[in-house]
Every structure is written in structure tokens, then in C-alpha cells.
Amino acid sequence: MAKGKDYVISETGEFPPQYKVLHKDEDGIYRPVFGPDPDLEDAERKCDEMNGVRARDDKGHYVADDPSTADVNEAYVGGKKPTKKKASAKKKAPAKRGRPKKTAAK
């Protein structure tokens, strides 16, 4: 799966179109978390907010966080920094097989 893309936008296929934001669970099934919403921009904003997309200004540059506002993080869409996922425990490499090493003989 792509980095940080746990949320996607889906269209219902009806007229007028309705958009939903879906979340991919551990079992690989997408479940709706937002919508249906007739406005695509609202669905895109909600999807970006949930994926933790960085905010940009009108020139396309990243926006920095304002330290004077402790409750809002302006650097991210929606004002919240995404939580980091815990790294899975690394598995120990299996023992090598093959010819045993030579030992010094006296």
C-alpha cells in the first residue's frame, strides 16, 4: 500500500454524484467513514485531513506551523498532525546453512 493512503474517495455512480471517503481496514476491506456528500471538494478535504496531507499556500509551498497556537497545527490540512504507526518487530534472520567453517587445527 502506498505510504499514508489509508483513506480514498469513492463515487456512488448515481446522478447527481455522491462521494464517500473510505478507510482500508486490516482485513483489506474499505469501509465508509464520511459521506455521502454531493460536493467533491468536501470529500477531498476530508480525505486529505484524514491522510495527514501537508497544507500548502497559494504558491504551492508548504505552510509552517504557528507556535503561538498550541491546539491547532497549521502545517497539516485539518489542523492535526497524523499519528505515526508503530514499526512492526523485525524478524530474526534464519540461521545459515551450508558447509561448516574451518577451525584451526594444531
# chains A, B, ... in the order shown; residues from 1 in each chain; ligands from 1

$ closest_atom_pairs --of "region 44-106 of chain A" --to "region 3-19 of chain A" --cutoff "9 Å" --atoms "only C-alpha atoms" --output "JSON lines"
{"residue": "A:Glu44", "atom": "CA", "partner": "A:Ile9", "partner_atom": "CA", "distance": 7.2}
{"residue": "A:Cys47", "atom": "CA", "partner": "A:Tyr7", "partner_atom": "CA", "distance": 6.0}
{"residue": "A:Asp48", "atom": "CA", "partner": "A:Tyr7", "partner_atom": "CA", "distance": 8.3}
{"residue": "A:Met50", "atom": "CA", "partner": "A:Tyr7", "partner_atom": "CA", "distance": 6.9}
{"residue": "A:Asn51", "atom": "CA", "partner": "A:Gly4", "partner_atom": "CA", "distance": 6.0}
{"residue": "A:Gly52", "atom": "CA", "partner": "A:Gly4", "partner_atom": "CA", "distance": 7.6}
{"residue": "A:Val53", "atom": "CA", "partner": "A:Gly4", "partner_atom": "CA", "distance": 8.9}

$ write_last_selection --atoms "C-alpha atoms" --output "compact mmCIF listing (two decimals), in the first residue's frame"
# COMPACT_ATOMS: atom_id res chain seq x y z
CA GLU A 44 -11.24 15.66 -0.98
CA CYS A 47 -9.74 12.63 2.74
CA ASP A 48 -6.65 14.89 2.89
CA MET A 50 -7.60 12.03 7.44
CA ASN A 51 -4.50 11.05 5.42
CA GLY A 52 -2.45 13.80 7.07
CA VAL A 53 -1.64 15.80 3.94

$ residues_around --residues "Asp66 (chain A)" --least-positions-apart "6" --cutoff "12 Å" --atoms "only C-alpha atoms" --output "JSON list (two decimals) with C-alpha atoms, in the first residue's frame"
[["chain", "number", "residue", "atom", "x", "y", "z"],
["A", 72, "VAL", "CA", -4.02, 23.77, 16.01],
["A", 73, "ASN", "CA", -1.24, 22.60, 13.70],
["A", 74, "GLU", "CA", -1.40, 24.84, 10.61],
["A", 75, "ALA", "CA", 1.15, 22.66, 8.78],
["A", 76, "TYR", "CA", -1.48, 19.99, 8.10],
["A", 79, "GLY", "CA", -5.11, 21.15, 11.86]]

$ select_by_dssp --residues "chain A" --states "alpha helix (DSSP H)" --output "number ranges by chain"
A: 40-51

$ atom_distance --atom1 "CA of Asp25 (chain A)" --atom2 "CA of Lys92 (chain A)"
27.4 Å

$ atom_distance --atom1 "CA of Val77 (chain A)" --atom2 "CA of Val63 (chain A)"
9.9 Å

$ select_by_dssp --residues "region 26-106 of chain A" --states "strand (DSSP E or B)" --output "PyMOL selection string"
chain A and resi 30-37+54+56+62+76

$ write_last_selection --atoms "C-alpha atoms" --output "mmCIF file, in the first residue's frame"
data_model
loop_
_atom_site.group_PDB
_atom_site.id
_atom_site.type_symbol
_atom_site.label_atom_id
_atom_site.label_comp_id
_atom_site.auth_asym_id
_atom_site.auth_seq_id
_atom_site.Cartn_x
_atom_site.Cartn_y
_atom_site.Cartn_z
ATOM 1 C CA TYR A 30 -12.730 -0.499 2.530
ATOM 2 C CA ARG A 31 -15.371 0.839 4.915
ATOM 3 C CA PRO A 32 -17.141 4.245 4.637
ATOM 4 C CA VAL A 33 -16.190 6.868 7.238
ATOM 5 C CA PHE A 34 -17.584 10.050 5.627
ATOM 6 C CA GLY A 35 -20.392 10.739 3.223
ATOM 7 C CA PRO A 36 -22.286 10.525 1.026
ATOM 8 C CA ASP A 37 -21.561 14.135 0.133
ATOM 9 C CA ARG A 54 0.576 18.843 4.429
ATOM 10 C CA ARG A 56 0.154 24.467 1.096
ATOM 11 C CA TYR A 62 4.408 24.107 2.458
ATOM 12 C CA TYR A 76 -1.482 19.988 8.095
#

$ atom_distance --atom1 "CA of Asp27 (chain A)" --atom2 "CA of Ser88 (chain A)"
16.8 Å

$ decode --residues "region 4-52 of chain A" --atoms "C-alpha atoms" --output "PDB file, in the first residue's frame"
ATOM      1  CA  GLY A   4      -0.143   7.076   4.262  1.00  0.00           C
ATOM      2  CA  LYS A   5      -3.008   6.415   1.847  1.00  0.00           C
ATOM      3  CA  ASP A   6      -5.405   4.582   4.157  1.00  0.00           C
ATOM      4  CA  TYR A   7      -8.317   6.784   3.037  1.00  0.00           C
ATOM      5  CA  VAL A   8      -9.673   7.042  -0.522  1.00  0.00           C
ATOM      6  CA  ILE A   9     -12.617   8.754  -2.247  1.00  0.00           C
ATOM      7  CA  SER A  10     -15.336   6.691  -3.913  1.00  0.00           C
ATOM      8  CA  GLU A  11     -18.176   7.821  -6.171  1.00  0.00           C
ATOM      9  CA  THR A  12     -21.583   6.143  -5.887  1.00  0.00           C
ATOM     10  CA  GLY A  13     -22.151   6.057  -9.655  1.00  0.00           C
ATOM     11  CA  GLU A  14     -25.564   7.703  -9.437  1.00  0.00           C
ATOM     12  CA  PHE A  15     -26.765  11.041 -10.769  1.00  0.00           C
ATOM     13  CA  PRO A  16     -26.236  13.503  -9.169  1.00  0.00           C
ATOM     14  CA  PRO A  17     -22.913  12.067  -7.974  1.00  0.00           C
ATOM     15  CA  GLN A  18     -22.353  11.354  -4.300  1.00  0.00           C
ATOM     16  CA  TYR A  19     -18.857  10.951  -2.844  1.00  0.00           C
ATOM     17  CA  LYS A  20     -17.736   8.865   0.135  1.00  0.00           C
ATOM     18  CA  VAL A  21     -14.432   8.673   1.987  1.00  0.00           C
ATOM     19  CA  LEU A  22     -13.436   5.053   2.617  1.00  0.00           C
ATOM     20  CA  HIS A  23     -10.891   3.657   5.103  1.00  0.00           C
ATOM     21  CA  LYS A  24      -8.943   0.437   4.441  1.00  0.00           C
ATOM     22  CA  ASP A  25      -9.083  -1.864   7.485  1.00  0.00           C
ATOM     23  CA  GLU A  26      -6.544  -4.510   8.488  1.00  0.00           C
ATOM     24  CA  ASP A  27      -8.531  -7.158   6.625  1.00  0.00           C
ATOM     25  CA  GLY A  28      -8.181  -5.188   3.355  1.00  0.00           C
ATOM     26  CA  ILE A  29     -11.842  -4.155   3.103  1.00  0.00           C
ATOM     27  CA  TYR A  30     -12.730  -0.499   2.530  1.00  0.00           C
ATOM     28  CA  ARG A  31     -15.371   0.839   4.915  1.00  0.00           C
ATOM     29  CA  PRO A  32     -17.141   4.245   4.637  1.00  0.00           C
ATOM     30  CA  VAL A  33     -16.190   6.868   7.238  1.00  0.00           C
ATOM     31  CA  PHE A  34     -17.584  10.050   5.627  1.00  0.00           C
ATOM     32  CA  GLY A  35     -20.392  10.739   3.223  1.00  0.00           C
ATOM     33  CA  PRO A  36     -22.286  10.525   1.026  1.00  0.00           C
ATOM     34  CA  ASP A  37     -21.561  14.135   0.133  1.00  0.00           C
ATOM     35  CA  PRO A  38     -22.594  15.811  -3.150  1.00  0.00           C
ATOM     36  CA  ASP A  39     -19.544  18.098  -3.096  1.00  0.00           C
ATOM     37  CA  LEU A  40     -16.265  16.548  -4.314  1.00  0.00           C
ATOM     38  CA  GLU A  41     -14.209  19.331  -2.724  1.00  0.00           C
ATOM     39  CA  ASP A  42     -15.604  18.495   0.722  1.00  0.00           C
ATOM     40  CA  ALA A  43     -14.793  14.815   0.219  1.00  0.00           C
ATOM     41  CA  GLU A  44     -11.239  15.658  -0.982  1.00  0.00           C
ATOM     42  CA  ARG A  45     -10.693  17.960   2.013  1.00  0.00           C
ATOM     43  CA  LYS A  46     -11.899  15.276   4.430  1.00  0.00           C
ATOM     44  CA  CYS A  47      -9.741  12.627   2.743  1.00  0.00           C
ATOM     45  CA  ASP A  48      -6.655  14.887   2.890  1.00  0.00           C
ATOM     46  CA  GLU A  49      -7.433  15.700   6.513  1.00  0.00           C
ATOM     47  CA  MET A  50      -7.597  12.029   7.443  1.00  0.00           C
ATOM     48  CA  ASN A  51      -4.499  11.052   5.422  1.00  0.00           C
ATOM     49  CA  GLY A  52      -2.446  13.798   7.065  1.00  0.00           C
TER      50      GLY A  52
END
